[in-house]
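Chemist: Data file target16.csv (CSV, C-alpha atoms and all ligand atoms) is appended below.
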```csv
chain,number,residue,atom,x,y,z
A,15,MET,CA,-4.2,23.4,22.6
A,16,PRO,CA,-5.2,20.4,24.6
A,17,THR,CA,-3.0,19.1,27.3
A,18,VAL,CA,-0.3,16.8,26.0
A,19,ASN,CA,0.6,13.6,27.9
A,20,GLN,CA,4.1,14.4,29.0
A,21,ASN,CA,4.7,10.8,29.9
A,22,SER,CA,4.5,9.7,26.3
A,23,LEU,CA,7.5,9.2,24.0
A,24,ARG,CA,9.7,12.2,23.7
A,25,PRO,CA,9.6,14.3,20.5
A,26,THR,CA,12.0,13.5,17.7
A,27,THR,CA,13.3,16.9,16.5
A,28,MET,CA,16.4,17.9,14.6
A,29,ALA,CA,18.0,21.1,13.6
A,30,PRO,CA,15.2,23.1,11.9
A,31,ARG,CA,15.4,23.5,8.2
A,32,ARG,CA,12.8,25.7,6.4
A,33,VAL,CA,12.0,24.3,3.0
A,34,LYS,CA,11.5,26.9,0.3
A,35,TYR,CA,8.6,26.5,-2.1
A,36,VAL,CA,8.6,27.5,-5.7
A,37,ARG,CA,5.6,27.9,-8.0
A,38,ARG,CA,7.2,29.1,-11.2
A,39,LEU,CA,9.6,27.2,-13.5
A,40,ASP,CA,11.8,30.2,-13.8
A,41,GLN,CA,12.6,29.6,-10.1
A,42,VAL,CA,14.1,26.2,-11.1
A,43,GLU,CA,17.6,27.3,-12.2
A,44,GLN,CA,18.5,23.9,-13.6
A,45,LEU,CA,16.0,24.3,-16.4
A,46,SER,CA,17.2,26.2,-19.4
A,47,PRO,CA,15.2,29.3,-20.6
A,48,GLU,CA,14.2,27.3,-23.7
A,49,GLN,CA,12.9,24.4,-21.5
A,50,ARG,CA,10.9,26.9,-19.3
A,51,ASP,CA,9.4,28.5,-22.4
A,52,ARG,CA,8.3,25.1,-23.8
A,53,LEU,CA,6.8,24.0,-20.6
A,54,GLY,CA,5.0,27.3,-20.0
A,55,PRO,CA,1.7,26.2,-21.6
A,56,VAL,CA,1.8,23.0,-19.6
A,57,THR,CA,2.0,24.8,-16.3
A,58,ALA,CA,-0.7,27.2,-17.5
A,59,ARG,CA,-3.1,24.2,-17.6
A,60,TYR,CA,-1.8,22.0,-14.8
A,61,VAL,CA,0.0,24.0,-12.1
A,62,PHE,CA,3.5,23.5,-10.9
A,63,ARG,CA,4.7,23.5,-7.4
A,64,ALA,CA,7.9,22.1,-5.8
A,65,ASN,CA,10.4,22.9,-3.1
A,66,ASP,CA,14.1,23.1,-2.8
A,67,TYR,CA,14.4,19.9,-0.7
A,68,TYR,CA,12.6,17.7,-3.2
A,69,LEU,CA,14.2,19.4,-6.3
A,70,GLY,CA,17.6,18.6,-4.6
A,71,LEU,CA,16.9,14.9,-5.0
A,72,ILE,CA,17.0,15.2,-8.8
A,73,ASP,CA,20.0,14.1,-10.8
A,74,TRP,CA,19.8,16.9,-13.4
A,75,ASP,CA,22.3,15.1,-15.6
A,76,ASP,CA,19.8,12.4,-16.2
A,77,PRO,CA,16.9,13.5,-18.4
A,78,ASP,CA,15.0,10.4,-17.3
A,79,ASP,CA,15.6,10.8,-13.6
A,80,PRO,CA,12.5,9.4,-11.8
A,81,ILE,CA,12.2,12.3,-9.3
A,82,ARG,CA,12.4,14.7,-12.2
A,83,GLN,CA,9.6,12.8,-14.0
A,84,LEU,CA,7.5,13.0,-10.9
A,85,ILE,CA,7.7,16.8,-10.4
A,86,ILE,CA,8.9,18.6,-13.6
A,87,PRO,CA,6.1,19.1,-16.2
A,88,ARG,CA,6.2,17.5,-19.6
A,89,GLU,CA,4.8,18.7,-22.9
A,90,GLU,CA,3.0,15.4,-23.4
A,91,GLU,CA,0.6,16.3,-20.6
A,92,LEU,CA,-1.2,18.5,-23.1
A,93,ALA,CA,-2.3,15.4,-25.1
A,94,GLU,CA,-6.1,15.0,-24.9
A,95,TRP,CA,-6.6,12.0,-22.7
A,96,GLY,CA,-8.9,11.0,-19.8
A,97,THR,CA,-11.1,13.3,-17.7
A,98,LEU,CA,-10.4,15.5,-14.7
A,99,ASP,CA,-12.5,13.4,-12.3
A,100,ALA,CA,-11.7,9.9,-13.6
A,101,SER,CA,-13.3,8.1,-10.6
A,102,ASN,CA,-16.4,10.4,-10.6
A,103,GLU,CA,-15.7,11.5,-7.0
A,104,GLU,CA,-18.4,14.1,-7.5
A,105,SER,CA,-20.9,11.2,-7.3
A,106,VAL,CA,-19.9,10.3,-3.7
A,107,THR,CA,-19.7,13.9,-2.5
A,108,VAL,CA,-22.3,14.2,0.3
A,109,ALA,CA,-21.4,17.7,1.5
A,110,HIS,CA,-18.9,20.4,0.7
A,111,GLY,CA,-15.5,18.7,0.9
A,112,VAL,CA,-17.0,15.4,2.2
A,113,GLN,CA,-16.9,12.1,0.3
A,114,HIS,CA,-18.6,9.0,1.5
A,115,LYS,CA,-18.1,6.0,-0.8
A,116,TYR,CA,-17.3,3.0,1.4
A,117,THR,CA,-19.6,2.4,4.4
A,118,ASP,CA,-17.0,2.8,7.1
A,119,THR,CA,-14.8,5.5,5.7
A,120,VAL,CA,-15.4,9.2,5.1
A,121,LEU,CA,-13.0,11.5,3.3
A,122,LEU,CA,-12.6,15.1,4.4
A,123,LEU,CA,-11.0,17.2,1.6
A,124,CYS,CA,-9.7,19.8,4.0
A,125,ASN,CA,-6.7,21.3,2.1
A,126,GLU,CA,-6.2,22.2,-1.5
A,127,VAL,CA,-2.4,22.5,-1.5
A,128,CYS,CA,0.3,19.8,-1.6
A,129,GLY,CA,4.0,20.0,-0.7
A,130,ALA,CA,4.6,19.8,-4.4
A,131,TYR,CA,2.4,18.7,-7.3
A,132,CYS,CA,2.9,15.2,-8.6
A,133,ARG,CA,2.5,15.5,-12.4
A,134,TYR,CA,0.4,12.3,-12.5
A,135,CYS,CA,-2.0,13.5,-9.8
A,136,PHE,CA,-5.5,12.1,-10.1
A,137,ARG,CA,-7.0,15.1,-8.1
A,138,LYS,CA,-5.2,17.9,-10.1
A,139,ARG,CA,-8.7,19.4,-10.7
A,140,LEU,CA,-8.6,20.6,-7.0
A,141,PHE,CA,-5.6,22.8,-7.7
A,142,MET,CA,-7.3,24.6,-10.6
A,143,ASP,CA,-8.6,28.1,-9.9
A,144,ASP,CA,-12.3,27.5,-10.6
A,145,ASN,CA,-12.5,24.4,-8.3
A,146,ASP,CA,-14.5,24.5,-5.1
A,147,GLU,CA,-14.5,20.9,-3.9
A,148,VAL,CA,-12.2,21.5,-0.9
A,149,THR,CA,-13.0,23.4,2.2
A,150,ASN,CA,-10.9,24.2,5.3
A,151,ASP,CA,-14.1,24.5,7.2
A,152,VAL,CA,-14.8,20.9,8.2
A,153,SER,CA,-17.8,21.6,10.4
A,154,GLU,CA,-20.3,20.3,7.9
A,155,GLY,CA,-18.2,17.1,7.5
A,156,LEU,CA,-18.0,16.7,11.2
A,157,ARG,CA,-21.8,16.9,11.5
A,158,TYR,CA,-22.2,14.4,8.8
A,159,ILE,CA,-19.8,12.0,10.5
A,160,ALA,CA,-21.4,12.4,13.9
A,161,ASP,CA,-24.8,11.5,12.3
A,162,HIS,CA,-23.4,8.3,10.7
A,163,PRO,CA,-22.4,5.8,13.4
A,164,GLU,CA,-21.2,3.3,10.7
A,165,VAL,CA,-18.2,5.6,10.0
A,166,THR,CA,-15.2,4.3,11.9
A,167,ASN,CA,-12.5,5.7,9.7
A,168,VAL,CA,-12.0,9.4,8.6
A,169,LEU,CA,-9.4,10.2,6.0
A,170,LEU,CA,-8.0,13.7,6.0
A,171,THR,CA,-6.9,14.4,2.4
A,172,GLY,CA,-7.1,17.0,-0.3
A,173,GLY,CA,-4.4,18.2,-1.1
A,174,ASP,CA,-2.2,17.4,1.8
A,175,PRO,CA,-3.5,17.7,5.4
A,176,LEU,CA,0.1,18.0,6.8
A,177,LEU,CA,0.4,21.3,5.0
A,178,MET,CA,-2.2,22.7,7.3
A,179,SER,CA,-1.1,24.4,10.5
A,180,THR,CA,-0.6,22.2,13.5
A,181,ARG,CA,-3.2,24.4,15.4
A,182,ARG,CA,-5.8,23.6,12.7
A,183,LEU,CA,-4.9,19.9,12.7
A,184,VAL,CA,-5.3,19.7,16.4
A,185,GLU,CA,-8.7,21.3,16.2
A,186,ILE,CA,-9.8,18.6,13.7
A,187,PHE,CA,-8.2,15.8,15.7
A,188,GLU,CA,-10.0,17.0,18.8
A,189,ALA,CA,-13.3,17.3,17.1
A,190,LEU,CA,-13.0,13.8,15.6
A,191,ARG,CA,-12.0,12.3,19.0
A,192,ALA,CA,-15.2,13.8,20.4
A,193,ILE,CA,-17.1,11.4,18.1
A,194,PRO,CA,-16.9,8.0,19.8
A,195,HIS,CA,-17.5,5.9,16.7
A,196,VAL,CA,-14.6,7.4,14.8
A,197,LYS,CA,-11.8,5.0,15.7
A,198,ILE,CA,-9.2,5.7,13.0
A,199,ILE,CA,-8.0,9.1,11.7
A,200,ARG,CA,-6.0,8.6,8.5
A,201,LEU,CA,-3.7,11.3,7.2
A,202,GLY,CA,-3.2,10.9,3.4
A,203,SER,CA,0.1,12.7,3.0
A,204,LYS,CA,3.1,12.9,0.7
A,205,MET,CA,4.9,15.3,3.0
A,206,PRO,CA,7.2,12.6,4.4
A,207,ALA,CA,8.5,12.4,0.8
A,208,PHE,CA,8.2,16.1,-0.2
A,209,ASP,CA,9.2,17.7,3.0
A,210,PRO,CA,10.1,15.4,6.0
A,211,TYR,CA,11.0,18.4,8.0
A,212,ARG,CA,7.3,19.2,8.4
A,213,VAL,CA,7.1,16.5,11.0
A,214,LEU,CA,10.7,16.6,12.3
A,215,ASN,CA,10.7,20.3,13.0
A,216,ASP,CA,7.4,20.4,14.8
A,217,PRO,CA,7.3,19.1,18.4
A,218,ASP,CA,3.7,20.4,18.7
A,219,LEU,CA,2.6,18.1,15.8
A,220,GLN,CA,4.4,15.2,17.4
A,221,ALA,CA,2.8,16.0,20.7
A,222,ALA,CA,-0.6,16.0,18.9
A,223,PHE,CA,0.2,12.6,17.4
A,224,ARG,CA,0.9,11.3,20.9
A,225,THR,CA,-2.3,12.7,22.3
A,226,TYR,CA,-4.8,11.7,19.6
A,227,SER,CA,-3.2,8.4,18.5
A,228,THR,CA,-4.2,6.2,21.4
A,229,PRO,CA,-3.9,2.5,22.1
A,230,THR,CA,-7.5,2.0,21.0
A,231,GLN,CA,-8.0,4.8,18.4
A,232,ARG,CA,-5.0,5.2,16.2
A,233,ILE,CA,-3.9,7.8,13.8
A,234,TYR,CA,-2.6,6.2,10.5
A,235,LEU,CA,-0.3,7.9,8.2
A,236,MET,CA,-1.1,6.8,4.6
A,237,ALA,CA,2.3,7.8,3.2
A,238,HIS,CA,3.0,8.2,-0.5
A,239,PHE,CA,6.5,7.2,-1.5
A,240,ASP,CA,6.8,6.4,-5.2
A,241,HIS,CA,10.5,5.7,-5.6
A,242,PRO,CA,13.3,4.4,-3.3
A,243,ARG,CA,15.3,7.6,-3.9
A,244,GLU,CA,12.6,9.5,-1.9
A,245,LEU,CA,13.5,7.4,1.1
A,246,THR,CA,16.4,9.6,2.2
A,247,ASP,CA,17.9,9.5,5.7
A,248,VAL,CA,15.7,12.6,6.5
A,249,ALA,CA,12.6,11.0,5.2
A,250,ILE,CA,13.3,7.8,7.2
A,251,GLN,CA,13.7,10.0,10.3
A,252,GLY,CA,10.4,11.6,9.5
A,253,ILE,CA,8.7,8.2,9.4
A,254,ASP,CA,10.5,7.2,12.6
A,255,ALA,CA,9.2,10.4,14.3
A,256,CYS,CA,5.6,9.4,13.3
A,257,ILE,CA,6.1,5.9,14.6
A,258,ARG,CA,7.7,6.9,17.9
A,259,ASN,CA,4.9,9.3,18.5
A,260,GLY,CA,2.2,6.6,18.1
A,261,VAL,CA,1.3,6.9,14.4
A,262,ILE,CA,0.9,3.7,12.4
A,263,CYS,CA,2.5,4.1,9.0
A,264,LEU,CA,1.5,2.5,5.6
A,265,ASN,CA,2.4,3.4,2.1
A,266,GLN,CA,0.2,3.7,-1.0
A,267,CYS,CA,1.2,4.9,-4.4
A,268,PRO,CA,0.3,4.5,-8.1
A,269,MET,CA,2.4,2.6,-10.6
A,270,ILE,CA,3.8,5.4,-12.8
A,271,LYS,CA,5.6,5.1,-16.1
A,272,GLY,CA,9.2,6.2,-15.8
A,273,ILE,CA,9.1,6.3,-12.0
A,274,ASN,CA,8.4,2.9,-10.5
A,275,ASP,CA,7.3,0.7,-13.4
A,276,ASP,CA,10.3,-1.5,-12.9
A,277,PRO,CA,10.1,-4.6,-10.6
A,278,HIS,CA,13.6,-4.0,-9.1
A,279,VAL,CA,12.7,-0.4,-8.3
A,280,LEU,CA,9.4,-1.4,-6.8
A,281,ALA,CA,11.0,-4.3,-4.8
A,282,ASP,CA,13.8,-2.0,-3.6
A,283,MET,CA,11.2,0.5,-2.3
A,284,TYR,CA,9.0,-2.1,-0.8
A,285,ALA,CA,11.9,-3.7,1.0
A,286,THR,CA,13.0,-0.4,2.6
A,287,LEU,CA,9.5,0.5,3.4
A,288,SER,CA,9.1,-2.8,5.3
A,289,TYR,CA,12.4,-2.2,7.1
A,290,ILE,CA,11.4,1.3,8.4
A,291,GLY,CA,7.9,0.3,9.5
A,292,CYS,CA,5.9,1.8,6.7
A,293,PRO,CA,4.9,-1.3,4.7
A,294,PRO,CA,3.2,-1.2,1.3
A,295,TYR,CA,-0.6,-1.1,1.5
A,296,TYR,CA,-2.0,-0.3,-2.0
A,297,LEU,CA,-0.4,0.0,-5.4
A,298,PHE,CA,-2.8,1.8,-7.7
A,299,GLN,CA,-3.4,1.4,-11.4
A,300,GLY,CA,-3.2,5.0,-12.6
A,301,ARG,CA,-6.6,6.6,-13.2
A,302,PRO,CA,-7.3,7.9,-16.7
A,303,THR,CA,-7.0,11.5,-15.6
A,304,ALA,CA,-6.6,14.4,-17.9
A,305,GLY,CA,-2.9,15.3,-18.5
A,306,ASN,CA,-1.7,11.9,-17.3
A,307,GLU,CA,-1.1,10.0,-20.6
A,308,PRO,CA,2.7,10.1,-20.3
A,309,TYR,CA,2.6,8.5,-16.9
A,310,GLU,CA,0.3,5.6,-17.4
A,311,ILE,CA,0.9,2.0,-18.3
A,312,PRO,CA,-1.6,-0.7,-19.3
A,313,ILE,CA,-3.1,-2.9,-16.6
A,314,VAL,CA,-1.5,-6.2,-17.8
A,315,GLN,CA,1.9,-4.7,-18.0
A,316,GLY,CA,1.5,-3.2,-14.5
A,317,TRP,CA,0.3,-6.5,-13.1
A,318,GLN,CA,3.3,-8.3,-14.5
A,319,THR,CA,5.7,-5.8,-13.1
A,320,PHE,CA,4.0,-5.9,-9.7
A,321,GLN,CA,4.1,-9.8,-9.7
A,322,ARG,CA,7.8,-9.8,-10.4
A,323,ALA,CA,8.5,-7.2,-7.7
A,324,LEU,CA,6.6,-9.4,-5.2
A,325,THR,CA,8.9,-12.3,-5.9
A,326,LEU,CA,11.9,-10.2,-4.8
A,327,GLY,CA,10.9,-9.3,-1.3
A,328,SER,CA,10.0,-10.8,2.1
A,329,GLY,CA,6.4,-11.3,3.2
A,330,LEU,CA,6.2,-7.9,4.9
A,331,ALA,CA,7.3,-6.2,1.7
A,332,ARG,CA,4.6,-8.0,-0.3
A,333,ARG,CA,1.5,-6.9,1.4
A,334,ALA,CA,0.4,-4.5,-1.3
A,335,ARG,CA,-2.7,-5.1,-3.4
A,336,LEU,CA,-2.8,-3.8,-7.0
A,337,CYS,CA,-6.1,-2.1,-7.3
A,338,MET,CA,-8.1,0.3,-9.6
A,339,SER,CA,-9.9,3.0,-7.7
A,340,HIS,CA,-12.9,2.8,-10.0
A,341,GLU,CA,-16.1,4.7,-9.7
A,342,THR,CA,-17.8,1.5,-8.6
A,343,GLY,CA,-15.2,0.4,-6.0
A,344,LYS,CA,-11.6,-0.7,-5.4
A,345,ILE,CA,-11.1,-3.4,-8.0
A,346,GLU,CA,-8.2,-5.7,-7.2
A,347,ILE,CA,-6.3,-7.2,-10.2
A,348,MET,CA,-5.7,-10.7,-8.9
A,349,GLY,CA,-4.4,-12.6,-11.9
A,350,VAL,CA,-3.8,-12.7,-15.6
A,351,ASP,CA,-3.5,-15.7,-17.9
A,352,ASP,CA,-3.3,-16.1,-21.7
A,353,GLU,CA,-6.9,-15.4,-22.2
A,354,HIS,CA,-8.4,-13.8,-19.1
A,355,MET,CA,-7.9,-11.2,-16.4
A,356,TYR,CA,-9.3,-12.0,-12.9
A,357,LEU,CA,-10.5,-9.2,-10.8
A,358,ARG,CA,-12.3,-8.8,-7.5
A,359,TYR,CA,-14.1,-5.9,-5.7
A,360,HIS,CA,-11.9,-5.3,-2.7
A,361,GLN,CA,-14.1,-2.4,-1.7
A,362,ALA,CA,-17.4,-1.5,-3.3
A,363,LYS,CA,-19.6,1.6,-3.6
A,364,HIS,CA,-22.7,-0.7,-3.5
A,365,ASP,CA,-22.7,-3.4,-0.9
A,366,GLU,CA,-23.9,-6.1,-3.4
A,367,ASP,CA,-20.6,-5.7,-5.3
A,368,LEU,CA,-18.4,-6.3,-2.3
A,369,GLY,CA,-16.2,-9.4,-2.9
A,370,ARG,CA,-17.7,-9.8,-6.4
A,371,PHE,CA,-15.3,-11.8,-8.7
A,372,LEU,CA,-15.0,-10.8,-12.3
A,373,VAL,CA,-13.4,-12.6,-15.2
A,374,CYS,CA,-12.6,-10.3,-18.1
A,375,ARG,CA,-11.1,-11.0,-21.6
A,376,ARG,CA,-7.4,-10.3,-21.5
A,377,ASP,CA,-6.6,-7.0,-23.1
A,378,ASP,CA,-3.0,-5.9,-23.1
A,379,GLU,CA,-3.9,-2.4,-24.4
A,380,ALA,CA,-6.4,-1.6,-21.7
A,381,TYR,CA,-5.6,1.0,-19.1
A,382,TRP,CA,-8.8,1.0,-17.1
A,383,PHE,CA,-11.7,-1.2,-16.1
A,384,ASP,CA,-14.1,0.5,-18.4
A,385,GLN,CA,-12.1,-0.7,-21.4
A,386,LEU,CA,-12.4,-4.4,-20.4
A,387,GLU,CA,-15.0,-6.9,-21.5
A,388,VAL,CA,-16.4,-8.8,-18.6
A,389,VAL,CA,-17.1,-12.4,-19.5
A,390,THR,CA,-18.2,-13.8,-16.1
A,391,HIS,CA,-19.7,-11.9,-13.3
A,392,ALA,CA,-19.8,-14.2,-10.2
A,393,PRO,CA,-22.1,-13.0,-7.5
A,394,SER,CA,-20.7,-11.6,-4.3
A,395,HIS,CA,-20.3,-14.2,-1.5
A,396,VAL,CA,-20.0,-11.6,1.2
A,401,LIG,S1,0.5,14.3,-3.1
A,401,LIG,FE1,-1.4,13.3,-3.8
A,401,LIG,S2,-2.9,14.9,-4.0
A,401,LIG,FE2,-0.9,15.9,-3.8
A,401,LIG,S3,-0.2,16.2,-6.0
A,401,LIG,FE3,0.6,14.2,-5.3
A,401,LIG,S4,-0.9,12.7,-6.0
A,401,LIG,FE4,-1.9,14.8,-6.0
```
Rewrite the structure from the file as structure tokens, please.
Modeler:
Amino acid sequence: MPTVNQNSLRPTTMAPRRVKYVRRLDQVEQLSPEQRDRLGPVTARYVFRANDYYLGLIDWDDPDDPIRQLIIPREEELAEWGTLDASNEESVTVAHGVQHKYTDTVLLLCNEVCGAYCRYCFRKRLFMDDNDEVTNDVSEGLRYIADHPEVTNVLLTGGDPLLMSTRRLVEIFEALRAIPHVKIIRLGSKMPAFDPYRVLNDPDLQAAFRTYSTPTQRIYLMAHFDHPRELTDVAIQGIDACIRNGVICLNQCPMIKGINDDPHVLADMYATLSYIGCPPYYLFQGRPTAGNEPYEIPIVQGWQTFQRALTLGSGLARRARLCMSHETGKIEIMGVDDEHMYLRYHQAKHDEDLGRFLVCRRDDEAYWFDQLEVVTHAPSHV
């Protein structure tokens, strides 16, 4: 372990609580034997994982409870729909567990487990037995990053990097800080929602945040809260512990049917996120991923919901952009009128697309960019 600066902010710890993980539906006592039997084929295809803290947020008397929708499988997932790699991440994989799509940012897929499995996950393929896209050995990725001085941001993802041991995380932080052009380390994590005790119970992790998130080279937590009920007192303390130990926090999540596709729910969550110092960054249109049909909503409907939510909050609660993480780039949905939809490449796989403005024919049934008819394709002005 490297030396920790003892003059930094003091750790935020609380009485330790060990969260208990479950991988089988028969460990969820609130489900009836008949429900477990019906859902067996679903979990045989798309794995289930949860923990007692998160299951404890469910109102089991409400069959439509949003936390339940997020974590408990549904038979409709077996409908044929979408593909396992909807954004073709394979095409930007430059080495084992390393993705490089946007010039300044590299992704290290360094862990293949999450604190629980969101039913709508766009990377559920990583949790399947025959998948080999993730590697805990990041040495190849570190060499790639060191050889590419244009890379200023590295996102640790997977899976969830905060499920890795603190010792391993510290090794990665240290290795990245030895590469001078890497300024920002991002942690893409839903652990603040699934298990806030992961940060709160671990003074060594908090010390690592203080050491490796410096005034000129920050660690960013890209948190993933989907619903205001996930923002429990403990979750807020978890975010506070990150902030107090030098981590900048932002939130990104998809818009998911039955969970946050309501302007008041979204606005409520955005308001709280702004109050606690974890403002909204991206709201994603759900990717057409296999198994995700019950969770998706059409683009136009999502845009309307998002717009209404934005009218209900302060400026800091309206900083999110609604984007599609498409194979060709992050395509922002900027507007919709009676006839057209107005899109813009916020990020692009190919430089010539960056900033490109697109006008598409309005299609209220479309779920994804590939279903839209582009009528005007203005050149990039970047
Ligand atoms: S936290 Fe992210 S990667 Fe993990 S299951 Fe949820 S959506 Fe997938």
Chemist: Any idea what's packed within 12 Å of A:Asp143, counting all atoms listed in the file, ignoring anything in its chain fewer than 5 positions away? Could you give it as a list in words?
Modeler: Ala58, Arg59, Tyr60, Val61, Glu126, Val127, Lys138 and Val148 of chain A
Chemist: Show me as a PDB file with C-alpha atoms, keeping the file's coordinate frame the residues that reach within 12 Å of (-18.5, 17.2, 2.1), counting all atoms listed in the file and using the file's own coordinates.
Modeler:
```pdb
ATOM      1  CA  GLU A 103     -15.700  11.500  -7.000  1.00  0.00           C
ATOM      2  CA  GLU A 104     -18.400  14.100  -7.500  1.00  0.00           C
ATOM      3  CA  SER A 105     -20.900  11.200  -7.300  1.00  0.00           C
ATOM      4  CA  VAL A 106     -19.900  10.300  -3.700  1.00  0.00           C
ATOM      5  CA  THR A 107     -19.700  13.900  -2.500  1.00  0.00           C
ATOM      6  CA  VAL A 108     -22.300  14.200   0.300  1.00  0.00           C
ATOM      7  CA  ALA A 109     -21.400  17.700   1.500  1.00  0.00           C
ATOM      8  CA  HIS A 110     -18.900  20.400   0.700  1.00  0.00           C
ATOM      9  CA  GLY A 111     -15.500  18.700   0.900  1.00  0.00           C
ATOM     10  CA  VAL A 112     -17.000  15.400   2.200  1.00  0.00           C
ATOM     11  CA  GLN A 113     -16.900  12.100   0.300  1.00  0.00           C
ATOM     12  CA  HIS A 114     -18.600   9.000   1.500  1.00  0.00           C
ATOM     13  CA  LYS A 115     -18.100   6.000  -0.800  1.00  0.00           C
ATOM     14  CA  VAL A 120     -15.400   9.200   5.100  1.00  0.00           C
ATOM     15  CA  LEU A 121     -13.000  11.500   3.300  1.00  0.00           C
ATOM     16  CA  LEU A 122     -12.600  15.100   4.400  1.00  0.00           C
ATOM     17  CA  LEU A 123     -11.000  17.200   1.600  1.00  0.00           C
ATOM     18  CA  CYS A 124      -9.700  19.800   4.000  1.00  0.00           C
ATOM     19  CA  ASP A 146     -14.500  24.500  -5.100  1.00  0.00           C
ATOM     20  CA  GLU A 147     -14.500  20.900  -3.900  1.00  0.00           C
ATOM     21  CA  VAL A 148     -12.200  21.500  -0.900  1.00  0.00           C
ATOM     22  CA  THR A 149     -13.000  23.400   2.200  1.00  0.00           C
ATOM     23  CA  ASN A 150     -10.900  24.200   5.300  1.00  0.00           C
ATOM     24  CA  ASP A 151     -14.100  24.500   7.200  1.00  0.00           C
ATOM     25  CA  VAL A 152     -14.800  20.900   8.200  1.00  0.00           C
ATOM     26  CA  SER A 153     -17.800  21.600  10.400  1.00  0.00           C
ATOM     27  CA  GLU A 154     -20.300  20.300   7.900  1.00  0.00           C
ATOM     28  CA  GLY A 155     -18.200  17.100   7.500  1.00  0.00           C
ATOM     29  CA  LEU A 156     -18.000  16.700  11.200  1.00  0.00           C
ATOM     30  CA  ARG A 157     -21.800  16.900  11.500  1.00  0.00           C
ATOM     31  CA  TYR A 158     -22.200  14.400   8.800  1.00  0.00           C
ATOM     32  CA  ILE A 159     -19.800  12.000  10.500  1.00  0.00           C
ATOM     33  CA  LEU A 170      -8.000  13.700   6.000  1.00  0.00           C
ATOM     34  CA  THR A 171      -6.900  14.400   2.400  1.00  0.00           C
ATOM     35  CA  GLY A 172      -7.100  17.000  -0.300  1.00  0.00           C
TER      36      GLY A 172
END
```
Chemist: Pick out the residues no farther than 9 Å from ligand LIG 401 (chain A), counting only C-alpha atoms and all ligand atoms, and list them as number ranges by chain.
Modeler: A: 63, 84, 126-138, 140-141, 171-174, 202-205, 208, 238, 267-268
Chemist: With all atoms listed in the file as the basis for distance, which of A:Pro217, A:Gly300, A:Gly343, A:Pro30 is at the shortest distance from A:Asn102?
Modeler: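 That would be A:Gly343, the residue with the smallest distance to A:Asn102.
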Chemist: Find the residues around stretch 40-49 of chain A up to 12 Å (only C-alpha atoms counted), leave out those fewer than 3 positions away in its own chain, and share them as a PyMOL selection string.
Modeler: chain A and resi 34-37+52-57+62-66+68-70+72-77+82+85-89
Chemist: Write out, as a PDB file, keeping the file's coordinate frame, the residues just selected, with C-alpha atoms.
Modeler:
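File produced: part-v1.pdb:
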```pdb
ATOM      1  CA  LYS A  34      11.500  26.900   0.300  1.00  0.00           C
ATOM      2  CA  TYR A  35       8.600  26.500  -2.100  1.00  0.00           C
ATOM      3  CA  VAL A  36       8.600  27.500  -5.700  1.00  0.00           C
ATOM      4  CA  ARG A  37       5.600  27.900  -8.000  1.00  0.00           C
ATOM      5  CA  ARG A  52       8.300  25.100 -23.800  1.00  0.00           C
ATOM      6  CA  LEU A  53       6.800  24.000 -20.600  1.00  0.00           C
ATOM      7  CA  GLY A  54       5.000  27.300 -20.000  1.00  0.00           C
ATOM      8  CA  PRO A  55       1.700  26.200 -21.600  1.00  0.00           C
ATOM      9  CA  VAL A  56       1.800  23.000 -19.600  1.00  0.00           C
ATOM     10  CA  THR A  57       2.000  24.800 -16.300  1.00  0.00           C
ATOM     11  CA  PHE A  62       3.500  23.500 -10.900  1.00  0.00           C
ATOM     12  CA  ARG A  63       4.700  23.500  -7.400  1.00  0.00           C
ATOM     13  CA  ALA A  64       7.900  22.100  -5.800  1.00  0.00           C
ATOM     14  CA  ASN A  65      10.400  22.900  -3.100  1.00  0.00           C
ATOM     15  CA  ASP A  66      14.100  23.100  -2.800  1.00  0.00           C
ATOM     16  CA  TYR A  68      12.600  17.700  -3.200  1.00  0.00           C
ATOM     17  CA  LEU A  69      14.200  19.400  -6.300  1.00  0.00           C
ATOM     18  CA  GLY A  70      17.600  18.600  -4.600  1.00  0.00           C
ATOM     19  CA  ILE A  72      17.000  15.200  -8.800  1.00  0.00           C
ATOM     20  CA  ASP A  73      20.000  14.100 -10.800  1.00  0.00           C
ATOM     21  CA  TRP A  74      19.800  16.900 -13.400  1.00  0.00           C
ATOM     22  CA  ASP A  75      22.300  15.100 -15.600  1.00  0.00           C
ATOM     23  CA  ASP A  76      19.800  12.400 -16.200  1.00  0.00           C
ATOM     24  CA  PRO A  77      16.900  13.500 -18.400  1.00  0.00           C
ATOM     25  CA  ARG A  82      12.400  14.700 -12.200  1.00  0.00           C
ATOM     26  CA  ILE A  85       7.700  16.800 -10.400  1.00  0.00           C
ATOM     27  CA  ILE A  86       8.900  18.600 -13.600  1.00  0.00           C
ATOM     28  CA  PRO A  87       6.100  19.100 -16.200  1.00  0.00           C
ATOM     29  CA  ARG A  88       6.200  17.500 -19.600  1.00  0.00           C
ATOM     30  CA  GLU A  89       4.800  18.700 -22.900  1.00  0.00           C
TER      31      GLU A  89
END
```
Chemist: Excluding A:Trp95 and residues on its chain fewer than 3 positions from it, collect all residues at most 7 Å away from it, counting all atoms listed in the file, and give them as a VMD selection string.
Modeler: chain A and resid 304 to 305 307
Chemist: Within 7 Å of (0.2, 10.8, 21.6) in the file's own coordinates, which protein, DNA or RNA residues have an atom, counting all atoms listed in the file? List them as a ChimeraX atom specification.
Modeler: /A:19,22,221-228,259-260
Chemist: Calculate how many Å separate atom CA of A:Gln299 from atom CA of A:Gln251, rounding to one decimal.
Modeler: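 Value for the atom CA of A:Gln299-atom CA of A:Gln251 distance: 28.9 Å.
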